[in-house]
>>> print(open('target34.cif').read())   # mmCIF, C-alpha atoms
data_model
#
loop_
_atom_site.label_atom_id
_atom_site.label_comp_id
_atom_site.auth_asym_id
_atom_site.auth_seq_id
_atom_site.Cartn_x
_atom_site.Cartn_y
_atom_site.Cartn_z
CA MET A 20 103.48 66.78 117.78
CA ASN A 21 106.99 68.20 118.10
CA GLU A 22 107.88 71.91 117.83
CA LYS A 23 108.98 71.67 114.20
CA ASP A 24 105.79 69.88 113.12
CA LEU A 25 103.69 72.41 115.05
CA GLU A 26 105.41 75.30 113.31
CA GLN A 27 104.82 73.69 109.92
CA SER A 28 101.16 73.03 110.77
CA ASN A 29 100.66 76.65 111.83
CA THR A 30 102.27 77.87 108.61
CA GLU A 31 99.99 75.66 106.55
CA ASN A 32 96.92 76.90 108.44
CA ILE A 33 97.91 80.52 107.79
CA VAL A 34 98.36 79.78 104.09
CA LYS A 35 94.96 78.05 103.92
CA GLN A 36 93.22 80.94 105.66
CA LYS A 37 94.61 83.40 103.10
CA LEU A 38 94.36 81.03 100.15
CA GLN A 39 91.95 82.18 97.46
CA ILE A 40 90.16 80.04 94.92
CA PRO A 41 91.80 80.45 91.50
CA TYR A 42 89.35 81.60 88.85
CA ALA A 43 91.20 80.47 85.71
CA VAL A 44 93.60 77.88 84.35
CA LEU A 45 95.72 78.55 81.27
CA CYS A 46 96.21 75.28 79.39
CA GLU A 47 99.31 75.58 77.23
CA LEU A 48 98.57 72.57 75.07
CA THR A 49 101.71 72.82 72.93
CA HIS A 50 104.63 75.08 72.15
CA ARG A 51 104.37 74.20 68.45
CA CYS A 52 103.33 77.21 66.37
CA PRO A 53 103.63 78.31 62.75
CA LEU A 54 104.46 81.83 63.95
CA SER A 55 107.83 82.82 65.40
CA CYS A 56 106.85 85.98 67.28
CA PRO A 57 109.94 87.55 68.91
CA TYR A 58 107.86 88.66 71.92
CA CYS A 59 106.31 85.21 72.46
CA SER A 60 105.31 84.57 76.07
CA ASN A 61 106.48 80.94 75.86
CA PRO A 62 109.73 80.18 77.70
CA VAL A 63 113.02 80.39 75.85
CA GLU A 64 113.44 76.62 76.37
CA LEU A 65 110.44 75.35 74.39
CA GLU A 66 108.88 71.91 74.92
CA MET A 67 109.05 69.43 72.04
CA LYS A 68 105.97 67.54 70.85
CA SER A 69 107.32 64.32 72.37
CA LYS A 70 107.07 65.88 75.87
CA GLU A 71 103.41 66.95 75.56
CA ILE A 72 100.97 65.32 77.98
CA ASP A 73 98.21 63.23 76.43
CA THR A 74 94.47 63.80 76.11
CA GLU A 75 93.47 61.87 79.22
CA THR A 76 95.98 63.73 81.38
CA TRP A 77 94.61 67.06 80.15
CA LYS A 78 91.04 65.91 80.86
CA LYS A 79 92.07 64.84 84.35
CA ALA A 80 93.67 68.26 84.92
CA LEU A 81 90.49 70.03 83.78
CA SER A 82 88.33 67.89 86.06
CA GLU A 83 90.62 68.63 89.01
CA SER A 84 90.42 72.34 88.13
CA VAL A 85 86.66 72.29 88.64
CA LYS A 86 87.06 70.51 91.97
CA ILE A 87 89.17 73.34 93.38
CA GLY A 88 86.72 75.98 92.15
CA ILE A 89 88.17 77.14 88.84
CA LEU A 90 85.59 78.64 86.48
CA GLN A 91 87.50 79.31 83.26
CA ALA A 92 89.76 77.25 80.99
CA HIS A 93 91.87 79.10 78.42
CA PHE A 94 93.35 76.90 75.68
CA SER A 95 96.61 78.37 74.47
CA GLY A 96 100.03 77.46 73.13
CA GLY A 97 102.07 77.92 70.98
CA GLU A 98 99.21 77.29 68.64
CA PRO A 99 96.56 75.14 70.38
CA THR A 100 94.86 74.15 67.12
CA ALA A 101 98.00 72.14 66.30
CA ARG A 102 96.59 69.60 68.79
CA LYS A 103 94.24 67.14 67.07
CA ASP A 104 92.41 66.48 70.34
CA LEU A 105 91.38 70.12 70.90
CA GLU A 106 87.70 69.43 70.15
CA GLU A 107 87.68 66.63 72.73
CA LEU A 108 89.30 68.85 75.36
CA ILE A 109 86.83 71.68 74.71
CA GLN A 110 83.90 69.27 74.94
CA HIS A 111 85.18 67.83 78.22
CA ALA A 112 85.78 71.27 79.73
CA SER A 113 82.35 72.49 78.66
CA SER A 114 80.61 69.37 79.96
CA ILE A 115 82.00 69.90 83.47
CA GLY A 116 80.92 73.54 83.56
CA LEU A 117 84.04 75.46 82.57
CA TYR A 118 83.87 78.63 80.49
CA THR A 119 86.14 77.91 77.51
CA ASN A 120 88.31 80.36 75.60
CA LEU A 121 90.56 79.59 72.63
CA ILE A 122 93.68 81.77 72.23
CA THR A 123 94.94 81.31 68.68
CA SER A 124 96.94 82.86 65.87
CA GLY A 125 94.09 81.86 63.57
CA VAL A 126 96.30 80.72 60.71
CA LEU A 127 95.56 76.98 60.98
CA VAL A 128 91.80 77.23 61.56
CA THR A 129 89.16 76.22 59.00
CA GLU A 130 85.42 76.96 59.07
CA GLU A 131 84.73 73.24 59.47
CA ARG A 132 86.90 73.02 62.55
CA LEU A 133 85.46 76.20 64.05
CA LYS A 134 82.01 74.63 63.74
CA LYS A 135 83.32 71.59 65.61
CA PHE A 136 84.69 73.84 68.35
CA TYR A 137 81.32 75.59 68.56
CA ASP A 138 79.42 72.29 68.73
CA ALA A 139 81.85 71.07 71.42
CA GLY A 140 80.87 74.04 73.60
CA LEU A 141 83.54 76.66 72.95
CA ASP A 142 82.48 80.01 74.44
CA HIS A 143 84.97 82.51 73.02
CA VAL A 144 87.93 82.99 70.66
CA GLN A 145 90.87 85.38 70.92
CA VAL A 146 92.96 86.02 67.80
CA SER A 147 96.35 87.72 67.73
CA ILE A 148 97.00 90.34 65.04
CA GLN A 149 100.52 91.73 64.80
CA ASP A 150 99.76 94.92 62.83
CA THR A 151 97.27 96.40 60.38
CA ASP A 152 100.00 96.73 57.76
CA PRO A 153 100.27 93.27 56.15
CA ASP A 154 104.01 93.43 55.45
CA ASN A 155 104.90 94.59 58.95
CA SER A 156 102.45 92.13 60.48
CA GLU A 157 104.15 89.25 58.70
CA LYS A 158 107.61 90.57 59.50
CA ILE A 159 106.76 90.61 63.21
CA ALA A 160 105.09 87.18 63.15
CA GLY A 161 107.78 85.61 61.01
CA TYR A 162 105.01 84.07 58.92
CA LYS A 163 102.88 85.01 55.90
CA GLY A 164 99.49 84.78 57.53
CA HIS A 165 97.95 88.25 57.89
CA ALA A 166 95.16 87.74 55.35
CA LYS A 167 94.35 84.33 56.84
CA LYS A 168 94.04 85.89 60.30
CA LEU A 169 91.47 88.40 59.07
CA HIS A 170 89.59 85.67 57.22
CA THR A 171 89.52 83.52 60.37
CA CYS A 172 88.08 86.43 62.37
CA GLY A 173 85.24 86.58 59.87
CA LEU A 174 84.64 82.84 60.19
CA ILE A 175 84.58 83.09 63.99
CA ARG A 176 81.77 85.63 63.83
CA LYS A 177 80.03 83.62 61.07
CA VAL A 178 79.70 80.53 63.27
CA GLY A 179 78.40 82.69 66.11
CA LEU A 180 81.39 82.85 68.48
CA PRO A 181 82.40 86.05 70.30
CA LEU A 182 85.76 87.52 69.21
CA THR A 183 88.56 89.32 71.01
CA VAL A 184 91.43 90.81 69.01
CA ASN A 185 94.78 90.65 70.81
CA ALA A 186 97.06 93.41 69.51
CA VAL A 187 100.53 93.28 71.03
CA MET A 188 101.82 96.83 70.57
CA HIS A 189 105.39 98.12 70.64
CA ARG A 190 107.90 100.48 69.07
CA GLN A 191 107.43 99.00 65.59
CA ASN A 192 103.63 99.10 65.27
CA LEU A 193 102.29 101.77 67.65
CA HIS A 194 102.08 104.18 64.72
CA ASN A 195 99.13 102.06 63.52
CA LEU A 196 97.22 101.94 66.82
CA LYS A 197 94.28 103.99 65.51
CA GLU A 198 94.02 101.67 62.53
CA MET A 199 94.15 98.63 64.85
CA ILE A 200 91.19 99.95 66.82
CA ASP A 201 89.28 100.57 63.59
CA LEU A 202 90.14 97.06 62.39
CA ALA A 203 88.75 95.50 65.58
CA VAL A 204 85.46 97.33 65.00
CA GLU A 205 85.43 96.26 61.34
CA LEU A 206 85.96 92.63 62.38
CA ASP A 207 82.97 92.88 64.76
CA ALA A 208 85.12 92.08 67.79
CA GLU A 209 83.58 92.54 71.21
CA ARG A 210 86.92 93.32 72.83
CA LEU A 211 90.36 94.59 71.88
CA GLU A 212 93.41 93.92 74.03
CA VAL A 213 95.98 96.65 73.44
CA ALA A 214 98.79 94.84 75.21
CA GLN A 215 102.19 96.50 75.21
CA VAL A 216 105.06 94.02 75.13
CA GLN A 217 106.14 92.82 78.59
CA TYR A 218 109.87 92.19 78.86
CA TYR A 219 110.78 88.67 79.88
CA GLY A 220 111.56 85.52 77.89
CA TRP A 221 111.74 86.15 74.16
CA ALA A 222 110.71 89.78 74.53
CA LEU A 223 113.67 90.47 76.84
CA LYS A 224 115.95 89.16 74.10
CA ASN A 225 114.34 91.74 71.77
CA GLN A 226 114.03 94.55 74.28
CA THR A 227 115.65 97.28 72.16
CA ALA A 228 113.61 96.32 69.10
CA PHE A 229 110.32 96.65 70.98
CA LEU A 230 110.59 99.23 73.77
CA PRO A 231 108.63 102.35 72.71
CA THR A 232 109.57 105.93 73.37
CA LYS A 233 107.81 107.86 76.12
CA GLU A 234 106.24 110.02 73.40
CA GLN A 235 104.83 106.93 71.65
CA LEU A 236 103.42 105.64 74.93
CA ASP A 237 101.77 108.96 75.84
CA ASN A 238 100.24 109.20 72.38
CA ALA A 239 98.95 105.61 72.60
CA THR A 240 97.31 106.34 75.95
CA GLU A 241 95.50 109.35 74.47
CA ILE A 242 94.32 107.29 71.49
CA VAL A 243 92.97 104.51 73.73
CA GLU A 244 91.17 106.90 76.09
CA GLU A 245 89.51 108.71 73.19
CA ALA A 246 88.47 105.42 71.57
CA ARG A 247 87.03 104.07 74.81
CA ILE A 248 84.67 107.04 74.99
CA ARG A 249 83.82 107.04 71.29
CA LEU A 250 83.24 103.27 71.09
CA LYS A 251 81.48 102.70 74.40
CA GLY A 252 78.95 99.91 73.93
CA ILE A 253 80.59 98.90 70.64
CA LEU A 254 84.11 97.80 71.57
CA ALA A 255 85.62 97.20 75.01
CA ILE A 256 89.34 98.06 75.09
CA ASP A 257 91.81 96.61 77.59
CA TYR A 258 95.07 98.53 77.81
CA VAL A 259 98.34 97.25 79.26
CA VAL A 260 101.32 99.61 79.30
CA PRO A 261 105.03 98.70 79.40
CA ASP A 262 105.79 99.25 83.07
CA TYR A 263 109.39 100.39 82.50
CA TYR A 264 107.85 103.86 82.39
CA ALA A 265 105.63 103.37 85.44
CA LYS A 266 106.16 104.61 88.99
CA ARG A 267 104.55 101.57 90.58
CA PRO A 268 104.67 97.94 89.41
CA LYS A 269 101.69 96.09 88.02
CA SER A 270 99.87 93.54 90.14
CA CYS A 271 101.23 90.60 88.21
CA MET A 272 98.55 87.89 87.82
CA GLY A 273 96.69 89.50 90.73
CA GLY A 274 99.48 88.34 93.03
CA TRP A 275 101.62 85.18 92.98
CA GLY A 276 99.52 82.07 93.61
CA ARG A 277 96.32 83.99 94.34
CA GLN A 278 94.01 83.84 91.32
CA PHE A 279 95.55 81.89 88.49
CA LEU A 280 97.53 78.83 87.47
CA ASN A 281 99.17 77.68 84.27
CA ILE A 282 99.79 74.14 83.01
CA THR A 283 102.62 73.69 80.51
CA PRO A 284 102.60 71.29 77.54
CA ALA A 285 104.66 68.87 79.63
CA GLY A 286 102.26 69.10 82.59
CA LYS A 287 104.20 71.36 84.94
CA VAL A 288 101.93 73.61 87.01
CA LEU A 289 103.05 77.24 87.28
CA PRO A 290 101.79 80.34 89.12
CA CYS A 291 102.18 82.33 85.88
CA HIS A 292 103.03 81.60 82.26
CA ALA A 293 106.59 82.99 82.58
CA ALA A 294 107.46 81.34 85.90
CA GLU A 295 109.86 78.80 84.38
CA SER A 296 112.30 81.69 83.95
CA LEU A 297 112.76 81.50 87.75
CA ASN A 298 115.37 78.76 87.54
CA PHE A 299 115.73 78.50 91.32
CA LEU A 300 112.22 77.01 91.61
CA GLU A 301 111.05 73.46 90.90
CA PHE A 302 107.53 73.01 89.59
CA ASP A 303 105.36 70.01 90.36
CA ASN A 304 103.75 68.07 87.52
CA ILE A 305 100.06 67.23 87.10
CA LYS A 306 101.18 63.69 86.22
CA ASP A 307 102.65 63.24 89.70
CA LYS A 308 100.56 65.34 92.11
CA PRO A 309 96.87 66.33 92.34
CA LEU A 310 96.19 69.89 91.24
CA SER A 311 94.65 70.74 94.62
CA TRP A 312 97.85 69.67 96.41
CA ILE A 313 100.01 71.71 94.05
CA TRP A 314 97.83 74.79 94.52
CA GLU A 315 97.82 74.54 98.31
CA HIS A 316 101.12 72.96 99.29
CA SER A 317 103.76 73.14 96.54
CA GLU A 318 106.91 75.09 97.31
CA SER A 319 106.72 76.99 94.02
CA PHE A 320 103.20 78.35 94.68
CA ASN A 321 103.96 79.28 98.28
CA ARG A 322 107.37 80.81 97.58
CA PHE A 323 106.00 84.32 96.84
CA ARG A 324 102.44 83.90 98.05
CA GLY A 325 101.27 86.64 100.42
CA THR A 326 103.64 89.25 101.87
CA SER A 327 105.94 87.47 104.34
CA TRP A 328 108.66 86.94 101.69
CA MET A 329 108.89 90.66 100.88
CA PRO A 330 112.00 92.74 101.60
CA GLU A 331 111.95 96.44 102.30
CA PRO A 332 110.62 98.76 100.97
CA CYS A 333 107.75 96.39 100.04
CA GLN A 334 107.30 95.10 103.59
CA SER A 335 106.46 98.59 104.91
CA CYS A 336 104.54 99.76 101.83
CA ASP A 337 100.82 100.48 102.06
CA ARG A 338 100.45 99.00 98.55
CA LYS A 339 101.99 95.62 99.35
CA GLU A 340 98.59 93.89 99.10
CA ILE A 341 97.79 95.81 95.91
CA ASP A 342 100.80 95.16 93.68
CA TRP A 343 102.24 92.21 95.72
CA GLY A 344 105.83 93.23 95.07
CA GLY A 345 105.38 93.45 91.31
CA CYS A 346 106.38 90.88 88.71
CA ARG A 347 108.64 88.17 90.13
CA CYS A 348 109.83 87.06 86.70
CA GLN A 349 110.71 90.59 85.60
CA ALA A 350 112.44 91.39 88.89
CA PHE A 351 114.63 88.27 88.69
CA ALA A 352 115.38 88.75 84.99
CA LEU A 353 116.59 92.31 85.55
CA THR A 354 118.40 91.90 88.87
CA GLY A 355 119.30 88.22 89.37
CA ASN A 356 117.95 88.58 92.92
CA GLU A 357 115.21 86.10 93.91
CA ASN A 358 113.48 88.50 96.32
CA ALA A 359 114.13 91.80 94.59
CA THR A 360 111.50 94.51 94.58
CA ASP A 361 110.38 94.90 90.97
CA PRO A 362 112.65 97.61 89.47
CA THR A 363 109.60 99.23 87.87
CA CYS A 364 108.67 100.55 91.34
CA GLU A 365 110.06 104.04 91.93
CA PHE A 366 111.09 102.97 95.45
CA SER A 367 112.95 99.83 94.36
CA PRO A 368 116.68 99.87 95.18
CA TYR A 369 117.15 98.34 91.72
CA ARG A 370 115.38 101.09 89.79
CA ASN A 371 118.64 102.07 88.05
CA VAL A 372 118.69 98.81 86.02
CA LEU A 373 116.09 100.43 83.77
CA ASP A 374 118.38 103.34 82.91
CA GLU A 375 120.31 101.50 80.22
CA PRO A 376 117.36 100.07 78.21
CA LEU A 377 115.46 103.36 78.44
CA SER A 378 118.52 105.34 77.34
CA LYS A 379 118.65 103.31 74.11
CA VAL A 380 115.06 104.03 73.10
CA GLY A 381 114.97 106.02 69.89
CA THR A 382 118.74 106.52 69.80
CA GLU A 383 119.86 103.29 68.16
CA GLU A 384 119.14 101.53 64.89
CA ILE A 385 116.38 98.98 65.43
CA PRO A 386 118.09 95.57 65.67
CA GLU A 387 117.00 92.45 63.86
CA PHE A 388 114.55 90.23 65.69
CA ILE A 389 115.59 87.09 67.52
CA TYR A 390 112.74 84.73 66.68
CA ARG A 391 111.48 81.83 68.75
CA LYS A 392 112.43 78.56 67.13
CA ILE A 393 109.86 75.72 67.32
CA ASN A 394 107.43 75.92 64.38
CA VAL A 395 104.78 73.85 62.65
CA ARG A 396 106.06 75.47 59.47
CA LYS A 397 109.21 77.44 58.77
CA PRO A 398 109.15 81.26 59.12
CA ILE A 399 109.27 83.42 56.03
CA ILE A 400 112.74 84.20 54.75
CA GLY A 401 114.35 87.56 55.39
CA VAL A 402 111.88 88.84 57.95
CA GLY A 403 114.57 89.62 60.49
CA HIS A 404 116.02 92.55 58.56
CA ASN A 405 115.23 96.12 59.52
CA SER A 406 114.42 97.29 56.00
CA ASN A 407 111.60 99.68 56.95
CA LYS A 408 113.41 102.78 58.18
CA SER A 409 110.11 104.60 58.75
CA LEU A 410 109.49 102.34 61.77
CA LYS A 411 112.37 103.91 63.66
CA SER A 412 111.18 106.26 66.40
#
>>> encode(input="target34.cif", output="structure tokens")
Amino acid sequence: MNEKDLEQSNTENIVKQKLQIPYAVLCELTHRCPLSCPYCSNPVELEMKSKEIDTETWKKALSESVKIGILQAHFSGGEPTARKDLEELIQHASSIGLYTNLITSGVLVTEERLKKFYDAGLDHVQVSIQDTDPDNSEKIAGYKGHAKKLHTCGLIRKVGLPLTVNAVMHRQNLHNLKEMIDLAVELDAERLEVAQVQYYGWALKNQTAFLPTKEQLDNATEIVEEARIRLKGILAIDYVVPDYYAKRPKSCMGGWGRQFLNITPAGKVLPCHAAESLNFLEFDNIKDKPLSWIWEHSESFNRFRGTSWMPEPCQSCDRKEIDWGGCRCQAFALTGNENATDPTCEFSPYRNVLDEPLSKVGTEEIPEFIYRKINVRKPIIGVGHNSNKSLKS
């Protein structure tokens, strides 16, 4: 073995020693969706239906997930119920021992199909609700579906499935946070995700429309903390804040390539759902490489795995194995630097890039939304206009 091969072998051994077993795979079955949410976590370049991998390829990916130790399969999109083979995929995942979770808008789901999901072995459903105010909810979603969402939540509980409500909160709906918590209780949800918008992809395009004021954020934190105490044993509340206001970055996905992987509708395997925004990386496809090889050996998964890639001040920081340098997608989007310390860290040399967006909060007219484009049905007309002046903060 020559010196170069020995060095490569040693590097691979180090990676294997530190390599963890991922606990979950996010299966983005399609980017098709009747909603047009302007904070959608799908990439700006959406995959067309013609590029979606077929049923057998998805089943192969799920089987390979179990082989590398994955315990959970989350079926997402777009809108995963737009796939006619969803029952078959749930049944396959359940039969090989995976915990199965459906992440849906709820607007295409019938009671009959929910029963089929239940019989196939589905363990849990998560439904997104844009606001408690129907008009604002439909304005944000770009689709007239608020009543249908609430009806679907009732059907989910009727067939005996656990329910999580996903409430993406921001400048234009935080005034209804208390009502959102009450709604989750009314819908008999076990869990509520109060997830503030995270700014990459479509949300970055709508940054000014969504970024809350510091006062809104502080008030939301107080509301959540009070509700957690009051509703202990009734409703579990997860709370994710917009880290533009933070002093330290979040531990994005528990660290790059450490706990999680994502498979796109076209079969590309990513370390996180937003990773395609890192246009300097190439992502291997489940159609071409085994999942175990991609997890262990692919350049994209090893690019930011561990701490050796980190610049200063991360390299000398005692939190480097806590926050892992922060969000790679956010750092690149805001700085254009592949290795940049996440600007949301108070010690980042790029911290000043947050000055401009934060200076606009509450001082400018709320702009019209830029909606994501691929739909199962067309969005409602006129939803992009800022007609509700009371939403301005």
>>> resolve_selection(input="target34.cif", expression="the PyMOL selection byres ((chain A and resi 183) around 6)", output="PyMOL selection string")
chain A and resi 145+182+184+208-211
>>> write_last_selection(input="target34.cif", atoms="C-alpha atoms", output="PDB file, in the frame of the given file")
ATOM      1  CA  GLN A 145      90.870  85.380  70.920  1.00  0.00           C
ATOM      2  CA  LEU A 182      85.760  87.520  69.210  1.00  0.00           C
ATOM      3  CA  VAL A 184      91.430  90.810  69.010  1.00  0.00           C
ATOM      4  CA  ALA A 208      85.120  92.080  67.790  1.00  0.00           C
ATOM      5  CA  GLU A 209      83.580  92.540  71.210  1.00  0.00           C
ATOM      6  CA  ARG A 210      86.920  93.320  72.830  1.00  0.00           C
ATOM      7  CA  LEU A 211      90.360  94.590  71.880  1.00  0.00           C
TER       8      LEU A 211
END
>>> residues_around(input="target34.cif", residues="Leu81 of chain A", least_positions_apart="2", cutoff="10 Å", atoms="all atoms listed in the file", output="count of residues only")
22
>>> resolve_selection(input="target34.cif", expression="the PyMOL selection byres ((chain A and resi 264) around 9)", output="ChimeraX atom specification")
/A:233,236,260-263,265-266,363,377
>>> atom_distance(input="target34.cif", atom1="atom CA of Glu131 of chain A", atom2="atom CA of Glu98 of chain A")
17.6 Å
>>> resolve_selection(input="target34.cif", expression="the PyMOL selection byres ((chain A and resi 227) around 12)", output="ChimeraX atom specification")
/A:57-58,189-191,216,218,221-226,228-232,375-389,411-412
>>> write_last_selection(input="target34.cif", atoms="C-alpha atoms", output="compact mmCIF listing (two decimals), in the frame of the given file")
# COMPACT_ATOMS: atom_id res chain seq x y z
CA PRO A 57 109.94 87.55 68.91
CA TYR A 58 107.86 88.66 71.92
CA HIS A 189 105.39 98.12 70.64
CA ARG A 190 107.90 100.48 69.07
CA GLN A 191 107.43 99.00 65.59
CA VAL A 216 105.06 94.02 75.13
CA TYR A 218 109.87 92.19 78.86
CA TRP A 221 111.74 86.15 74.16
CA ALA A 222 110.71 89.78 74.53
CA LEU A 223 113.67 90.47 76.84
CA LYS A 224 115.95 89.16 74.10
CA ASN A 225 114.34 91.74 71.77
CA GLN A 226 114.03 94.55 74.28
CA ALA A 228 113.61 96.32 69.10
CA PHE A 229 110.32 96.65 70.98
CA LEU A 230 110.59 99.23 73.77
CA PRO A 231 108.63 102.35 72.71
CA THR A 232 109.57 105.93 73.37
CA GLU A 375 120.31 101.50 80.22
CA PRO A 376 117.36 100.07 78.21
CA LEU A 377 115.46 103.36 78.44
CA SER A 378 118.52 105.34 77.34
CA LYS A 379 118.65 103.31 74.11
CA VAL A 380 115.06 104.03 73.10
CA GLY A 381 114.97 106.02 69.89
CA THR A 382 118.74 106.52 69.80
CA GLU A 383 119.86 103.29 68.16
CA GLU A 384 119.14 101.53 64.89
CA ILE A 385 116.38 98.98 65.43
CA PRO A 386 118.09 95.57 65.67
CA GLU A 387 117.00 92.45 63.86
CA PHE A 388 114.55 90.23 65.69
CA ILE A 389 115.59 87.09 67.52
CA LYS A 411 112.37 103.91 63.66
CA SER A 412 111.18 106.26 66.40
>>> closest_residue(input="target34.cif", among="A:Ile313, A:Arg324, A:Ser60, A:Glu244", to="Ile256 of chain A", atoms="only C-alpha atoms")
A:Glu244
>>> residues_near_point(input="target34.cif", point="(92.9, 83.7, 73.4)", cutoff="7 Å", atoms="only C-alpha atoms", output="list in words")
His93, Ser95, Asn120, Leu121, Ile122, Thr123, Val144, Gln145 and Val146 of chain A
>>> residues_around(input="target34.cif", residues="Ala186 of chain A", least_positions_apart="3", cutoff="8 Å", atoms="only C-alpha atoms", output="MDAnalysis selection string")
chainID A and resid 147:150 199 211:214
